Amino acid sequence: MIELRDIEFSYRKQGAPALTAVSAVIGPGVHLLAGENGAGKTTLLHLIAGVARPQAGEVMIDGTPAAGCKPRDMGRTFLLEEGMQLPGKTIRGFSRLHSGFYPNFSAEAFTSNLAAFGLSGEEPMKSQSLGNRKKAQLAYALALGVEVLLLDEPTNALDIESKAIFRKLIASNINEEQTLIISTHTVQELENMFDGGMILSRSRLVFAGTEEAVATRLAFKVSRAPLPDALYSEIQPGRVLSICLADDMEETRVDWRLFYSAMHSPKRSEIAQALMKPRHPDTMLPQD
């Protein structure tokens, strides 16, 4: 369980805040982290990973502060950043030096993940394409078995087939007790896998909650004409995508891309009001 308690973070004392009054509770499952460029996504990942400390507030993982934890606790979390360069000539060489810090690392899963991507793990990293380096890193990260896995733009540089493989590897490597947070701009590629989401806007967390909590309050509909009762709509060629209040017996899958757009639109307050009294206690909507 990850707890974010009134986090404040700035890179300079006089600079604009990178994160402001961020509070949420994130349980096990696969979670989306979305926001515009500069919204604070990477900063939030750094704070959860414990590589940065908030100026105010706390980040707790199972009751232990994320920053300043003891060496035995550091094997619980792993952050794979966009453009990260892992030391070692090959990914297997890196794993031989690094995996010992992670007690739940599975060499068998690592080999299987590499094979799924068509890699052996002995390919020289420097001579590999950006896409193949990303595949090797993801194969390793998913095999670590950490309690909290943080992936920053994991599908960047992956081709269509590799993205499909990555989806399958998430399903086969992440168990129900682990928490996987994926920061991405391409929500559609993974949205049916998300158990919940967090949406940042201008350094503030404007939504954090589970898919179930959203789906029982809001209905995501496709129609040929605009719906008069829609809280938010987007007109596309040949169809209209809408978010409406859900009926008592109605529950639809969350369109996270549409929901993200709605939470960055002038209709955000109306959507927020619809979520203020959730049917389930696991929805949290931080206030602006």
# chains A, B, ... in the order shown; residues from 1 in each chain; ligands from 1
>>> residues_around(residues="Leu119 in chain A", least_positions_apart="2", cutoff="12 Å", atoms="only C-alpha atoms", output="list in words")
Thr90, Ile91, Arg92, Phe110, Thr111, Ser112, Asn113, Leu114, Ala115, Ala116, Phe117, Gly121, Glu122, Glu123, Pro124, Met125, Gln128, Gly131, Asn132, Arg133, Lys134, Lys135, Ala136, Gln137, Leu138, Ala139, Tyr140 and Ser162 of chain A
>>> closest_atom_pairs(of="range 143-227 of chain A", to="range 43-64 of chain A", cutoff="10 Å", atoms="only C-alpha atoms", output="Markdown table")
| residue | atom | partner | partner_atom | distance |
| --- | --- | --- | --- | --- |
| A:Glu147 | CA | A:Ile61 | CA | 9.3 |
| A:Val148 | CA | A:Ala49 | CA | 8.4 |
| A:Leu149 | CA | A:Ala49 | CA | 8.7 |
| A:Leu150 | CA | A:Leu45 | CA | 6.7 |
| A:Leu151 | CA | A:Leu45 | CA | 8.4 |
| A:Asp152 | CA | A:Leu45 | CA | 8.0 |
| A:Ile181 | CA | A:Leu45 | CA | 8.5 |
| A:Ile182 | CA | A:Leu45 | CA | 9.4 |
| A:Ser183 | CA | A:Leu45 | CA | 8.4 |
| A:Leu200 | CA | A:Leu44 | CA | 9.8 |
| A:Ser203 | CA | A:Thr43 | CA | 9.6 |
>>> write_last_selection(atoms="N, CA, C and O atoms", output="compact mmCIF listing (two decimals), in the first residue's frame")
# COMPACT_ATOMS: atom_id res chain seq x y z
N GLU A 147 7.52 -5.29 -4.74
CA GLU A 147 6.18 -4.92 -4.28
C GLU A 147 5.63 -3.75 -5.09
O GLU A 147 4.43 -3.69 -5.38
N VAL A 148 6.52 -2.80 -5.43
CA VAL A 148 6.11 -1.61 -6.17
C VAL A 148 7.03 -1.45 -7.38
O VAL A 148 8.22 -1.23 -7.22
N LEU A 149 6.47 -1.55 -8.58
CA LEU A 149 7.22 -1.38 -9.81
C LEU A 149 6.72 -0.12 -10.51
O LEU A 149 5.51 0.04 -10.74
N LEU A 150 7.64 0.77 -10.84
CA LEU A 150 7.32 2.06 -11.44
C LEU A 150 7.93 2.13 -12.83
O LEU A 150 9.15 2.03 -12.98
N LEU A 151 7.10 2.29 -13.84
CA LEU A 151 7.56 2.32 -15.23
C LEU A 151 7.19 3.66 -15.85
O LEU A 151 6.01 4.02 -15.91
N ASP A 152 8.21 4.38 -16.33
CA ASP A 152 8.01 5.69 -16.94
C ASP A 152 8.04 5.55 -18.46
O ASP A 152 9.08 5.23 -19.04
N ILE A 181 2.77 0.93 -11.32
CA ILE A 181 2.34 2.27 -11.75
C ILE A 181 3.03 2.57 -13.08
O ILE A 181 4.25 2.53 -13.18
N ILE A 182 2.21 2.87 -14.08
CA ILE A 182 2.71 3.14 -15.43
C ILE A 182 2.41 4.58 -15.79
O ILE A 182 1.24 4.99 -15.89
N SER A 183 3.46 5.36 -15.97
CA SER A 183 3.32 6.73 -16.46
C SER A 183 3.40 6.69 -17.98
O SER A 183 4.37 6.21 -18.55
N LEU A 200 -2.71 13.91 -12.99
CA LEU A 200 -2.10 15.15 -12.52
C LEU A 200 -2.41 16.28 -13.51
O LEU A 200 -2.49 16.05 -14.71
N SER A 203 0.70 20.28 -11.48
CA SER A 203 1.32 19.92 -10.20
C SER A 203 0.33 19.41 -9.16
O SER A 203 0.74 19.02 -8.06
>>> closest_residue(among="A:Ala157, A:Ala143, A:Ile243, A:Pro17", to="Gly38 in chain A", atoms="only C-alpha atoms")
A:Pro17
>>> select_by_dssp(residues="range 60-208 of chain A", states="alpha helix (DSSP H)", output="PyMOL selection string")
chain A and resi 91-98+107-116+130-143+160-173
>>> closest_residue(among="A:Thr216, A:Thr155, A:Ser223, A:Thr77", to="Glu251 in chain A", atoms="only C-alpha atoms")
A:Thr216
>>> residues_around(residues="Val146 in chain A", least_positions_apart="2", cutoff="12 Å", atoms="only C-alpha atoms", output="count of residues only")
31
>>> select_by_dssp(residues="range 22-225 of chain A", states="strand (DSSP E)", output="number ranges by chain")
A: 22-26, 29-35, 56-61, 64-65, 77-80, 148-152, 179-183, 196-201, 204-210, 218-223
>>> closest_residue(among="A:Ser242, A:Thr252, A:Thr210, A:Ser233", to="Leu275 in chain A", atoms="only C-alpha atoms")
A:Thr210
>>> closest_residue(among="A:Ala171, A:Leu130, A:Leu97, A:Met263", to="Asp159 in chain A", atoms="only C-alpha atoms")
A:Leu130
>>> residues_around(residues="Gly40 in chain A", least_positions_apart="6", cutoff="12 Å", atoms="only C-alpha atoms", output="PyMOL selection string")
chain A and resi 7-11+16-20+22+33-34+46-47+183+198-205
>>> write_last_selection(atoms="N, CA and C atoms", output="PDB file, in the first residue's frame")
ATOM      1  N   ILE A   7       1.807  15.857  -0.107  1.00  0.00           N
ATOM      2  CA  ILE A   7       3.164  16.056  -0.632  1.00  0.00           C
ATOM      3  C   ILE A   7       3.312  17.430  -1.274  1.00  0.00           C
ATOM      4  N   GLU A   8       4.425  18.067  -0.949  1.00  0.00           N
ATOM      5  CA  GLU A   8       4.840  19.302  -1.606  1.00  0.00           C
ATOM      6  C   GLU A   8       6.276  19.093  -2.081  1.00  0.00           C
ATOM      7  N   PHE A   9       6.534  19.489  -3.339  1.00  0.00           N
ATOM      8  CA  PHE A   9       7.900  19.347  -3.848  1.00  0.00           C
ATOM      9  C   PHE A   9       8.183  20.430  -4.875  1.00  0.00           C
ATOM     10  N   SER A  10       9.344  21.081  -4.732  1.00  0.00           N
ATOM     11  CA  SER A  10       9.832  22.057  -5.694  1.00  0.00           C
ATOM     12  C   SER A  10      11.302  21.787  -5.946  1.00  0.00           C
ATOM     13  N   TYR A  11      11.759  22.047  -7.174  1.00  0.00           N
ATOM     14  CA  TYR A  11      13.164  21.851  -7.496  1.00  0.00           C
ATOM     15  C   TYR A  11      14.019  23.052  -7.089  1.00  0.00           C
ATOM     16  N   ALA A  16       8.428  27.413  -9.348  1.00  0.00           N
ATOM     17  CA  ALA A  16       7.065  26.905  -9.301  1.00  0.00           C
ATOM     18  C   ALA A  16       7.073  25.486  -8.736  1.00  0.00           C
ATOM     19  N   PRO A  17       6.077  25.127  -7.946  1.00  0.00           N
ATOM     20  CA  PRO A  17       6.059  23.789  -7.363  1.00  0.00           C
ATOM     21  C   PRO A  17       5.884  22.714  -8.426  1.00  0.00           C
ATOM     22  N   ALA A  18       6.609  21.604  -8.256  1.00  0.00           N
ATOM     23  CA  ALA A  18       6.437  20.453  -9.148  1.00  0.00           C
ATOM     24  C   ALA A  18       5.244  19.613  -8.720  1.00  0.00           C
ATOM     25  N   LEU A  19       4.988  19.582  -7.418  1.00  0.00           N
ATOM     26  CA  LEU A  19       3.821  18.889  -6.868  1.00  0.00           C
ATOM     27  C   LEU A  19       3.279  19.711  -5.707  1.00  0.00           C
ATOM     28  N   THR A  20       1.952  19.792  -5.624  1.00  0.00           N
ATOM     29  CA  THR A  20       1.310  20.595  -4.593  1.00  0.00           C
ATOM     30  C   THR A  20       0.169  19.819  -3.943  1.00  0.00           C
ATOM     31  N   VAL A  22      -0.435  16.851  -2.748  1.00  0.00           N
ATOM     32  CA  VAL A  22      -0.784  15.562  -3.350  1.00  0.00           C
ATOM     33  C   VAL A  22      -1.049  14.533  -2.259  1.00  0.00           C
ATOM     34  N   LEU A  33      -0.702   6.475 -14.498  1.00  0.00           N
ATOM     35  CA  LEU A  33      -0.308   7.807 -14.033  1.00  0.00           C
ATOM     36  C   LEU A  33      -0.229   8.689 -15.268  1.00  0.00           C
ATOM     37  N   ALA A  34      -1.136   9.670 -15.361  1.00  0.00           N
ATOM     38  CA  ALA A  34      -1.231  10.497 -16.563  1.00  0.00           C
ATOM     39  C   ALA A  34      -1.227  11.970 -16.194  1.00  0.00           C
ATOM     40  N   HIS A  46       9.721   9.553  -8.713  1.00  0.00           N
ATOM     41  CA  HIS A  46      10.957   9.668  -7.927  1.00  0.00           C
ATOM     42  C   HIS A  46      10.665   9.631  -6.427  1.00  0.00           C
ATOM     43  N   LEU A  47       9.612  10.295  -6.013  1.00  0.00           N
ATOM     44  CA  LEU A  47       9.262  10.333  -4.591  1.00  0.00           C
ATOM     45  C   LEU A  47       8.812   8.957  -4.102  1.00  0.00           C
ATOM     46  N   SER A 183       3.461   5.364 -15.968  1.00  0.00           N
ATOM     47  CA  SER A 183       3.318   6.729 -16.463  1.00  0.00           C
ATOM     48  C   SER A 183       3.397   6.692 -17.980  1.00  0.00           C
ATOM     49  N   MET A 198      -4.309   7.659 -11.692  1.00  0.00           N
ATOM     50  CA  MET A 198      -4.017   8.947 -11.078  1.00  0.00           C
ATOM     51  C   MET A 198      -3.821   9.950 -12.200  1.00  0.00           C
ATOM     52  N   ILE A 199      -4.443  11.113 -12.063  1.00  0.00           N
ATOM     53  CA  ILE A 199      -4.350  12.148 -13.086  1.00  0.00           C
ATOM     54  C   ILE A 199      -3.823  13.423 -12.442  1.00  0.00           C
ATOM     55  N   LEU A 200      -2.710  13.908 -12.986  1.00  0.00           N
ATOM     56  CA  LEU A 200      -2.100  15.148 -12.524  1.00  0.00           C
ATOM     57  C   LEU A 200      -2.412  16.275 -13.505  1.00  0.00           C
ATOM     58  N   SER A 201      -2.572  17.478 -12.969  1.00  0.00           N
ATOM     59  CA  SER A 201      -2.742  18.659 -13.796  1.00  0.00           C
ATOM     60  C   SER A 201      -2.088  19.837 -13.098  1.00  0.00           C
ATOM     61  N   ARG A 202      -1.048  20.381 -13.718  1.00  0.00           N
ATOM     62  CA  ARG A 202      -0.366  21.564 -13.194  1.00  0.00           C
ATOM     63  C   ARG A 202       0.062  21.379 -11.741  1.00  0.00           C
ATOM     64  N   SER A 203       0.703  20.275 -11.484  1.00  0.00           N
ATOM     65  CA  SER A 203       1.319  19.924 -10.197  1.00  0.00           C
ATOM     66  C   SER A 203       0.329  19.405  -9.160  1.00  0.00           C
ATOM     67  N   ARG A 204      -0.936  19.367  -9.494  1.00  0.00           N
ATOM     68  CA  ARG A 204      -1.937  18.886  -8.541  1.00  0.00           C
ATOM     69  C   ARG A 204      -2.533  17.561  -8.992  1.00  0.00           C
ATOM     70  N   LEU A 205      -2.844  16.711  -8.026  1.00  0.00           N
ATOM     71  CA  LEU A 205      -3.503  15.451  -8.318  1.00  0.00           C
ATOM     72  C   LEU A 205      -5.002  15.706  -8.344  1.00  0.00           C
TER      73      LEU A 205
END
